[in-house]
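Coordinates from my_file_16.pdb are shown below (PDB, C-alpha atoms and all ligand atoms).
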ATOM      1  CA  MET A   1       0.000   0.000   0.000  1.00  0.00           C
ATOM      2  CA  THR A   2       1.740   3.123  -1.232  1.00  0.00           C
ATOM      3  CA  LYS A   3      -0.918   5.626  -0.186  1.00  0.00           C
ATOM      4  CA  TYR A   4       1.345   7.244   2.413  1.00  0.00           C
ATOM      5  CA  VAL A   5       4.201   8.135   0.072  1.00  0.00           C
ATOM      6  CA  ASP A   6       4.812  10.031  -3.135  1.00  0.00           C
ATOM      7  CA  ALA A   7       5.695   8.630  -6.539  1.00  0.00           C
ATOM      8  CA  ALA A   8       9.458   8.950  -6.010  1.00  0.00           C
ATOM      9  CA  THR A   9       9.374   6.775  -2.882  1.00  0.00           C
ATOM     10  CA  THR A  10       6.974   4.406  -4.577  1.00  0.00           C
ATOM     11  CA  ARG A  11       9.532   3.996  -7.339  1.00  0.00           C
ATOM     12  CA  LEU A  12      12.103   2.860  -4.767  1.00  0.00           C
ATOM     13  CA  LEU A  13       9.734   0.069  -3.769  1.00  0.00           C
ATOM     14  CA  VAL A  14       9.410  -1.006  -7.387  1.00  0.00           C
ATOM     15  CA  GLU A  15      13.186  -1.033  -7.752  1.00  0.00           C
ATOM     16  CA  ALA A  16      13.350  -3.188  -4.612  1.00  0.00           C
ATOM     17  CA  GLY A  17      11.098  -5.722  -6.342  1.00  0.00           C
ATOM     18  CA  CYS A  18       7.558  -4.873  -5.226  1.00  0.00           C
ATOM     19  CA  ARG A  19       5.381  -5.140  -8.314  1.00  0.00           C
ATOM     20  CA  ASP A  20       1.938  -5.319  -6.739  1.00  0.00           C
ATOM     21  CA  LEU A  21       1.064  -1.868  -5.444  1.00  0.00           C
ATOM     22  CA  GLY A  22      -2.160  -0.611  -3.907  1.00  0.00           C
ATOM     23  CA  GLU A  23      -3.822   2.762  -3.538  1.00  0.00           C
ATOM     24  CA  SER A  24      -6.991   3.619  -1.689  1.00  0.00           C
ATOM     25  CA  ARG A  25      -8.010   6.791  -3.563  1.00  0.00           C
ATOM     26  CA  PRO A  26      -8.696   6.776  -7.297  1.00  0.00           C
ATOM     27  CA  GLN A  27      -7.012  10.126  -7.892  1.00  0.00           C
ATOM     28  CA  SER A  28      -3.804   8.926  -6.217  1.00  0.00           C
ATOM     29  CA  LEU A  29      -3.857   5.756  -8.261  1.00  0.00           C
ATOM     30  CA  TRP A  30      -4.245   7.730 -11.488  1.00  0.00           C
ATOM     31  CA  ASP A  31      -1.374  10.034 -10.546  1.00  0.00           C
ATOM     32  CA  LYS A  32       0.998   7.269  -9.487  1.00  0.00           C
ATOM     33  CA  ALA A  33       0.160   5.073 -12.453  1.00  0.00           C
ATOM     34  CA  ALA A  34       1.024   8.014 -14.722  1.00  0.00           C
ATOM     35  CA  ALA A  35       4.235   8.816 -12.849  1.00  0.00           C
ATOM     36  CA  LEU A  36       5.339   5.161 -12.948  1.00  0.00           C
ATOM     37  CA  ALA A  37       4.018   4.370 -16.405  1.00  0.00           C
ATOM     38  CA  ASN A  38       7.389   2.995 -17.478  1.00  0.00           C
ATOM     39  CA  CYS A  39       7.492   0.535 -14.536  1.00  0.00           C
ATOM     40  CA  ASP A  40       6.226  -3.013 -14.493  1.00  0.00           C
ATOM     41  CA  VAL A  41       3.559  -2.506 -11.808  1.00  0.00           C
ATOM     42  CA  ARG A  42       0.246  -4.226 -11.177  1.00  0.00           C
ATOM     43  CA  TRP A  43      -2.086  -1.698  -9.549  1.00  0.00           C
ATOM     44  CA  HIS A  44      -4.583  -2.726  -6.905  1.00  0.00           C
ATOM     45  CA  MET A  45      -7.511  -0.439  -6.139  1.00  0.00           C
ATOM     46  CA  ILE A  46      -8.162  -0.963  -2.444  1.00  0.00           C
ATOM     47  CA  GLY A  47     -10.485   1.811  -1.334  1.00  0.00           C
ATOM     48  CA  HIS A  48     -14.062   2.747  -2.051  1.00  0.00           C
ATOM     49  CA  LEU A  49     -14.534   3.630  -5.713  1.00  0.00           C
ATOM     50  CA  GLN A  50     -17.136   6.278  -6.489  1.00  0.00           C
ATOM     51  CA  ARG A  51     -19.192   5.434  -9.534  1.00  0.00           C
ATOM     52  CA  ASN A  52     -18.149   8.564 -11.413  1.00  0.00           C
ATOM     53  CA  LYS A  53     -14.511   7.446 -11.163  1.00  0.00           C
ATOM     54  CA  VAL A  54     -15.021   3.951 -12.537  1.00  0.00           C
ATOM     55  CA  ARG A  55     -14.345   4.706 -16.190  1.00  0.00           C
ATOM     56  CA  ARG A  56     -10.979   6.322 -15.646  1.00  0.00           C
ATOM     57  CA  THR A  57      -9.829   3.798 -13.032  1.00  0.00           C
ATOM     58  CA  LEU A  58     -10.651   0.449 -14.602  1.00  0.00           C
ATOM     59  CA  PRO A  59      -8.073   0.442 -17.423  1.00  0.00           C
ATOM     60  CA  LEU A  60      -5.296   0.960 -14.860  1.00  0.00           C
ATOM     61  CA  VAL A  61      -6.308  -1.752 -12.424  1.00  0.00           C
ATOM     62  CA  HIS A  62      -5.074  -5.320 -12.126  1.00  0.00           C
ATOM     63  CA  LEU A  63      -7.382  -6.210  -9.220  1.00  0.00           C
ATOM     64  CA  LEU A  64     -10.174  -4.190  -7.625  1.00  0.00           C
ATOM     65  CA  HIS A  65     -10.400  -5.157  -3.938  1.00  0.00           C
ATOM     66  CA  SER A  66     -13.356  -2.954  -3.090  1.00  0.00           C
ATOM     67  CA  GLY A  67     -16.413  -4.350  -4.855  1.00  0.00           C
ATOM     68  CA  ASP A  68     -18.674  -3.093  -2.087  1.00  0.00           C
ATOM     69  CA  SER A  69     -22.155  -2.645  -3.564  1.00  0.00           C
ATOM     70  CA  LEU A  70     -24.247  -4.191  -6.287  1.00  0.00           C
ATOM     71  CA  ARG A  71     -24.760  -0.754  -7.807  1.00  0.00           C
ATOM     72  CA  LEU A  72     -21.014  -0.236  -8.150  1.00  0.00           C
ATOM     73  CA  LEU A  73     -20.477  -3.763  -9.487  1.00  0.00           C
ATOM     74  CA  SER A  74     -23.167  -3.221 -12.128  1.00  0.00           C
ATOM     75  CA  GLU A  75     -21.537   0.038 -13.168  1.00  0.00           C
ATOM     76  CA  ILE A  76     -18.145  -1.660 -13.390  1.00  0.00           C
ATOM     77  CA  ASP A  77     -19.607  -4.485 -15.434  1.00  0.00           C
ATOM     78  CA  ALA A  78     -21.012  -1.989 -17.937  1.00  0.00           C
ATOM     79  CA  GLU A  79     -17.739  -0.072 -18.197  1.00  0.00           C
ATOM     80  CA  ALA A  80     -15.662  -3.240 -18.412  1.00  0.00           C
ATOM     81  CA  ALA A  81     -17.118  -3.859 -21.864  1.00  0.00           C
ATOM     82  CA  ALA A  82     -14.417  -1.493 -23.125  1.00  0.00           C
ATOM     83  CA  LEU A  83     -11.632  -3.648 -21.624  1.00  0.00           C
ATOM     84  CA  ALA A  84      -9.834  -6.474 -23.385  1.00  0.00           C
ATOM     85  CA  ALA A  85     -10.600  -8.991 -20.634  1.00  0.00           C
ATOM     86  CA  PRO A  86     -13.043  -9.351 -17.738  1.00  0.00           C
ATOM     87  CA  LEU A  87     -12.068  -7.247 -14.737  1.00  0.00           C
ATOM     88  CA  SER A  88     -10.779  -9.108 -11.679  1.00  0.00           C
ATOM     89  CA  VAL A  89     -12.764  -8.077  -8.626  1.00  0.00           C
ATOM     90  CA  LEU A  90     -12.948  -8.972  -4.958  1.00  0.00           C
ATOM     91  CA  LEU A  91     -16.150  -8.581  -2.962  1.00  0.00           C
ATOM     92  CA  GLU A  92     -15.591  -6.462   0.124  1.00  0.00           C
ATOM     93  CA  VAL A  93     -17.253  -7.886   3.200  1.00  0.00           C
ATOM     94  CA  ASN A  94     -17.892  -5.912   6.363  1.00  0.00           C
ATOM     95  CA  ILE A  95     -16.940  -8.911   8.433  1.00  0.00           C
ATOM     96  CA  SER A  96     -16.687  -7.054  11.748  1.00  0.00           C
ATOM     97  CA  GLY A  97     -19.975  -5.188  11.316  1.00  0.00           C
ATOM     98  CA  ASP A  98     -18.412  -1.763  12.032  1.00  0.00           C
ATOM     99  CA  SER A  99     -20.942   0.837  10.938  1.00  0.00           C
ATOM    100  CA  SER A 100     -18.203   3.037   9.461  1.00  0.00           C
ATOM    101  CA  LYS A 101     -17.040   0.367   7.014  1.00  0.00           C
ATOM    102  CA  HIS A 102     -17.985  -0.224   3.410  1.00  0.00           C
ATOM    103  CA  GLY A 103     -18.834  -3.682   2.192  1.00  0.00           C
ATOM    104  CA  PHE A 104     -21.517  -6.307   2.116  1.00  0.00           C
ATOM    105  CA  ALA A 105     -22.901  -7.767   5.305  1.00  0.00           C
ATOM    106  CA  PRO A 106     -22.005 -11.483   5.516  1.00  0.00           C
ATOM    107  CA  THR A 107     -25.692 -12.365   5.337  1.00  0.00           C
ATOM    108  CA  GLU A 108     -26.048 -10.511   2.019  1.00  0.00           C
ATOM    109  CA  MET A 109     -23.490 -12.666   0.266  1.00  0.00           C
ATOM    110  CA  GLU A 110     -25.529 -15.720  -0.610  1.00  0.00           C
ATOM    111  CA  PRO A 111     -28.411 -13.855  -2.251  1.00  0.00           C
ATOM    112  CA  LEU A 112     -25.889 -11.734  -4.141  1.00  0.00           C
ATOM    113  CA  LEU A 113     -25.083 -14.717  -6.326  1.00  0.00           C
ATOM    114  CA  ALA A 114     -28.157 -14.458  -8.487  1.00  0.00           C
ATOM    115  CA  HIS A 115     -27.273 -10.864  -9.393  1.00  0.00           C
ATOM    116  CA  LEU A 116     -23.583 -11.442  -9.969  1.00  0.00           C
ATOM    117  CA  GLN A 117     -24.167 -14.219 -12.444  1.00  0.00           C
ATOM    118  CA  SER A 118     -25.550 -11.734 -14.935  1.00  0.00           C
ATOM    119  CA  LEU A 119     -22.461  -9.498 -14.693  1.00  0.00           C
ATOM    120  CA  ARG A 120     -20.453 -11.270 -17.353  1.00  0.00           C
ATOM    121  CA  ARG A 121     -17.552  -8.832 -17.503  1.00  0.00           C
ATOM    122  CA  LEU A 122     -16.558  -9.363 -13.889  1.00  0.00           C
ATOM    123  CA  ASP A 123     -14.222 -12.099 -12.772  1.00  0.00           C
ATOM    124  CA  ILE A 124     -15.078 -12.480  -9.091  1.00  0.00           C
ATOM    125  CA  ARG A 125     -11.818 -13.754  -7.632  1.00  0.00           C
ATOM    126  CA  GLY A 126     -12.498 -13.739  -3.905  1.00  0.00           C
ATOM    127  CA  LEU A 127     -13.244 -11.726  -0.803  1.00  0.00           C
ATOM    128  CA  MET A 128     -11.629  -8.768   0.941  1.00  0.00           C
ATOM    129  CA  ALA A 129     -12.072  -7.544   4.502  1.00  0.00           C
ATOM    130  CA  MET A 130     -10.551  -5.571   7.333  1.00  0.00           C
ATOM    131  CA  ALA A 131     -10.548  -6.662  10.942  1.00  0.00           C
ATOM    132  CA  GLY A 132     -12.687  -4.628  13.326  1.00  0.00           C
ATOM    133  CA  LEU A 133     -11.360  -1.262  14.433  1.00  0.00           C
ATOM    134  CA  GLU A 134     -12.063  -1.891  18.091  1.00  0.00           C
ATOM    135  CA  GLY A 135     -10.845  -5.421  18.547  1.00  0.00           C
ATOM    136  CA  ASP A 136      -7.601  -6.884  19.857  1.00  0.00           C
ATOM    137  CA  ALA A 137      -5.348  -9.394  18.100  1.00  0.00           C
ATOM    138  CA  ALA A 138      -7.538 -12.333  19.081  1.00  0.00           C
ATOM    139  CA  GLN A 139     -10.610 -10.588  17.676  1.00  0.00           C
ATOM    140  CA  ALA A 140      -8.772  -9.795  14.441  1.00  0.00           C
ATOM    141  CA  ARG A 141      -7.959 -13.458  14.049  1.00  0.00           C
ATOM    142  CA  ARG A 142     -11.617 -14.382  14.610  1.00  0.00           C
ATOM    143  CA  ASP A 143     -12.647 -11.838  11.962  1.00  0.00           C
ATOM    144  CA  PHE A 144     -10.194 -13.347   9.455  1.00  0.00           C
ATOM    145  CA  ALA A 145     -11.361 -16.868  10.274  1.00  0.00           C
ATOM    146  CA  ALA A 146     -14.947 -15.725   9.725  1.00  0.00           C
ATOM    147  CA  LEU A 147     -14.062 -14.394   6.267  1.00  0.00           C
ATOM    148  CA  ARG A 148     -12.407 -17.686   5.316  1.00  0.00           C
ATOM    149  CA  GLU A 149     -15.382 -19.685   6.575  1.00  0.00           C
ATOM    150  CA  LEU A 150     -17.742 -17.428   4.653  1.00  0.00           C
ATOM    151  CA  ARG A 151     -15.665 -17.967   1.526  1.00  0.00           C
ATOM    152  CA  ASP A 152     -15.693 -21.738   2.016  1.00  0.00           C
ATOM    153  CA  ARG A 153     -19.455 -21.744   2.444  1.00  0.00           C
ATOM    154  CA  LEU A 154     -20.055 -19.537  -0.605  1.00  0.00           C
ATOM    155  CA  ARG A 155     -17.854 -21.781  -2.696  1.00  0.00           C
ATOM    156  CA  THR A 156     -20.099 -24.754  -2.061  1.00  0.00           C
ATOM    157  CA  VAL A 157     -23.250 -22.715  -2.649  1.00  0.00           C
ATOM    158  CA  TRP A 158     -21.928 -21.202  -5.856  1.00  0.00           C
ATOM    159  CA  HIS A 159     -20.848 -24.572  -7.237  1.00  0.00           C
ATOM    160  CA  GLY A 160     -17.647 -23.341  -8.761  1.00  0.00           C
ATOM    161  CA  ARG A 161     -19.234 -20.564 -10.819  1.00  0.00           C
ATOM    162  CA  PHE A 162     -16.859 -18.302  -8.880  1.00  0.00           C
ATOM    163  CA  ALA A 163     -13.681 -19.936  -7.613  1.00  0.00           C
ATOM    164  CA  LEU A 164     -13.134 -17.374  -4.858  1.00  0.00           C
ATOM    165  CA  ASP A 165      -9.478 -18.352  -4.500  1.00  0.00           C
ATOM    166  CA  GLU A 166      -8.321 -15.019  -3.131  1.00  0.00           C
ATOM    167  CA  LEU A 167      -8.645 -13.760   0.428  1.00  0.00           C
ATOM    168  CA  SER A 168      -7.349 -10.195   0.725  1.00  0.00           C
ATOM    169  CA  MET A 169      -6.928  -9.602   4.439  1.00  0.00           C
ATOM    170  CA  GLY A 170      -4.257  -8.377   6.828  1.00  0.00           C
ATOM    171  CA  MET A 171      -2.540  -5.005   7.232  1.00  0.00           C
ATOM    172  CA  SER A 172       0.618  -3.859   9.020  1.00  0.00           C
ATOM    173  CA  GLY A 173      -0.823  -4.520  12.471  1.00  0.00           C
ATOM    174  CA  ASP A 174      -2.440  -7.884  11.895  1.00  0.00           C
ATOM    175  CA  PHE A 175      -1.013  -9.602   8.816  1.00  0.00           C
ATOM    176  CA  GLU A 176       0.392 -12.568  10.771  1.00  0.00           C
ATOM    177  CA  ALA A 177      -3.079 -13.492  11.996  1.00  0.00           C
ATOM    178  CA  ALA A 178      -4.466 -13.039   8.497  1.00  0.00           C
ATOM    179  CA  ILE A 179      -1.851 -15.331   6.980  1.00  0.00           C
ATOM    180  CA  ALA A 180      -2.524 -17.919   9.678  1.00  0.00           C
ATOM    181  CA  GLU A 181      -6.189 -17.850   8.629  1.00  0.00           C
ATOM    182  CA  GLY A 182      -5.520 -18.249   4.929  1.00  0.00           C
ATOM    183  CA  ALA A 183      -4.859 -14.814   3.440  1.00  0.00           C
ATOM    184  CA  THR A 184      -3.604 -14.999  -0.141  1.00  0.00           C
ATOM    185  CA  ILE A 185      -2.997 -11.243  -0.361  1.00  0.00           C
ATOM    186  CA  VAL A 186      -1.929  -8.977   2.506  1.00  0.00           C
ATOM    187  CA  ARG A 187      -2.162  -5.200   2.230  1.00  0.00           C
ATOM    188  CA  ILE A 188       0.870  -3.813   4.021  1.00  0.00           C
ATOM    189  CA  GLY A 189       1.297  -0.062   4.188  1.00  0.00           C
ATOM    190  CA  SER A 190       2.813   1.766   7.133  1.00  0.00           C
ATOM    191  CA  ALA A 191       5.183  -1.045   8.148  1.00  0.00           C
ATOM    192  CA  LEU A 192       7.026  -0.578   4.846  1.00  0.00           C
ATOM    193  CA  PHE A 193       7.678   3.078   5.473  1.00  0.00           C
ATOM    194  CA  GLU A 194       8.738   3.261   9.113  1.00  0.00           C
ATOM    195  CA  GLY A 195      11.431   5.883   9.368  1.00  0.00           C
ATOM    196  CA  VAL A 196      10.819   7.161   5.845  1.00  0.00           C
ATOM    197  CA  ASP A 197      10.517  10.929   5.922  1.00  0.00           C
ATOM    198  CA  ASN A 198       8.143  11.092   3.026  1.00  0.00           C
ATOM    199  CA  THR A 199       4.502  11.360   3.750  1.00  0.00           C
ATOM    200  CA  HIS A 200       3.463  13.967   1.204  1.00  0.00           C
ATOM    201  CA  ALA A 201       0.667  11.820  -0.095  1.00  0.00           C
ATOM    202  CA  SER A 202      -2.361  11.693   2.170  1.00  0.00           C
ATOM    203  CA  PRO A 203      -4.156   8.433   2.730  1.00  0.00           C
TER
HETATM  204  C1  LIG A 301      -4.270   1.861   4.277  1.00  0.00           C
HETATM  205  C2  LIG A 301      -4.878   0.539   4.103  1.00  0.00           C
HETATM  206  C3  LIG A 301      -4.111  -0.614   4.302  1.00  0.00           C
HETATM  207  C4  LIG A 301      -2.684  -0.574   4.815  1.00  0.00           C
HETATM  208  O1  LIG A 301      -2.739  -0.278   6.186  1.00  0.00           O
HETATM  209  P1  LIG A 301      -1.416  -0.267   7.098  1.00  0.00           P
HETATM  210  O2  LIG A 301      -1.969  -0.404   8.472  1.00  0.00           O
HETATM  211  O3  LIG A 301      -0.776   1.035   6.861  1.00  0.00           O
HETATM  212  O4  LIG A 301      -0.575  -1.417   6.702  1.00  0.00           O
HETATM  213  C5  LIG A 301      -4.723  -1.836   4.066  1.00  0.00           C
HETATM  214  N1  LIG A 301      -6.006  -1.926   3.655  1.00  0.00           N
HETATM  215  C6  LIG A 301      -6.766  -0.839   3.454  1.00  0.00           C
HETATM  216  C7  LIG A 301      -8.161  -1.012   3.008  1.00  0.00           C
HETATM  217  C8  LIG A 301      -6.223   0.419   3.667  1.00  0.00           C
HETATM  218  O5  LIG A 301      -7.004   1.494   3.484  1.00  0.00           O
END

Would you kindly transcribe this structure into structure tokens?
Amino acid sequence: MTKYVDAATTRLLVEAGCRDLGESRPQSLWDKAAALANCDVRWHMIGHLQRNKVRRTLPLVHLLHSGDSLRLLSEIDAEAAALAAPLSVLLEVNISGDSSKHGFAPTEMEPLLAHLQSLRRLDIRGLMAMAGLEGDAAQARRDFAALRELRDRLRTVWHGRFALDELSMGMSGDFEAAIAEGATIVRIGSALFEGVDNTHASP
């Protein structure tokens, strides 16, 4: 997650071998993708995507982690017609139930299937979540376990229509617990930049 640093520092990460980079604001992703256009980077859109920013963002994105409403997913499906391949998307789940968080409630996920099947330009690759803001390490681990169990259940319900191989979970403070519970992608930000005097970009 490069949202804390500017393009020059981001470039250092690329030179160190990080090729999967994430941003949480569309505008920052556009700017960094332009600044690093000559680099071999796969951009991950991690934060909430407003519908009016879909068109400009999609062509830049390798994986959208924040599929957080059916309305947004429908909009993305329509815009993805202009892309060469289906867009890889994760469904964001509000696994902890925090009212401030985006994402589907766990109970919404099963009924969502019927709607997603008609969105042919989306490749639903898995689920994304954050642990609760209030909880301790043990609670974070329970949240991650709950996401994995939800994924396992949806897989059987959805009969392989969506493989749901990816679990995007874990940040600087809790990635060990996430990995222990089956994360396939962790989203590490601040831990990469400790001691770096370069926080021009705002999260
Ligand atoms: C900023 C952010 C991260 C990275 O968080 P750190 O605690 O800095 O590692 C991960 N996921 C999301 C959704 C974020 O917004």

Spell out the residues picked by the PyMOL selection byres (((not hetatm)) within 7 of (chain A and resi 301)) here, as a ChimeraX atom specification.
/A:1,3,24,46-47,130,171-173,187-191,203

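Under the PyMOL selection byres (((chain A and resi 95) around 9) and not hetatm), the matching residues in the shown file are A:Glu92, A:Val93, A:Asn94, A:Ser96, A:Gly97, A:Asp98, A:Gly103, A:Phe104, A:Ala105, A:Pro106, A:Ala129, A:Met130, A:Ala131, A:Gly132, A:Asp143, A:Phe144, A:Ala146, A:Leu147.
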
Listed atoms of segment 120-123 of chain A boxed along x, y and z, 3 Å each side, centre and edge lengths in Å, one decimal, as JSON:
{"center_x": -17.3, "center_y": -10.5, "center_z": -15.1, "size_x": 12.2, "size_y": 9.3, "size_z": 10.7}

To test your reading of the syntax: which residues would the PyMOL selection byres (((chain A and resi 76-87) around 6) and not hetatm) return for the file shown? Reply as JSON, numbers by chain.
{"A": [73, 74, 75, 88, 119, 121, 122, 123]}

Kindly export the residues of the current selection with C-alpha atoms, as a JSON list (two decimals), in the coordinates of the input.
[["chain", "number", "residue", "atom", "x", "y", "z"],
["A", 73, "LEU", "CA", -20.48, -3.76, -9.49],
["A", 74, "SER", "CA", -23.17, -3.22, -12.13],
["A", 75, "GLU", "CA", -21.54, 0.04, -13.17],
["A", 88, "SER", "CA", -10.78, -9.11, -11.68],
["A", 119, "LEU", "CA", -22.46, -9.50, -14.69],
["A", 121, "ARG", "CA", -17.55, -8.83, -17.50],
["A", 122, "LEU", "CA", -16.56, -9.36, -13.89],
["A", 123, "ASP", "CA", -14.22, -12.10, -12.77]]

For segment 60-64 of chain A, list every protein, DNA or RNA residue within 6 Å, evaluated using all atoms listed in the file, and leave out those in the same chain fewer than 2 positions away; present the list as a ChimeraX atom specification.
/A:42-45,57-58,66,88-89
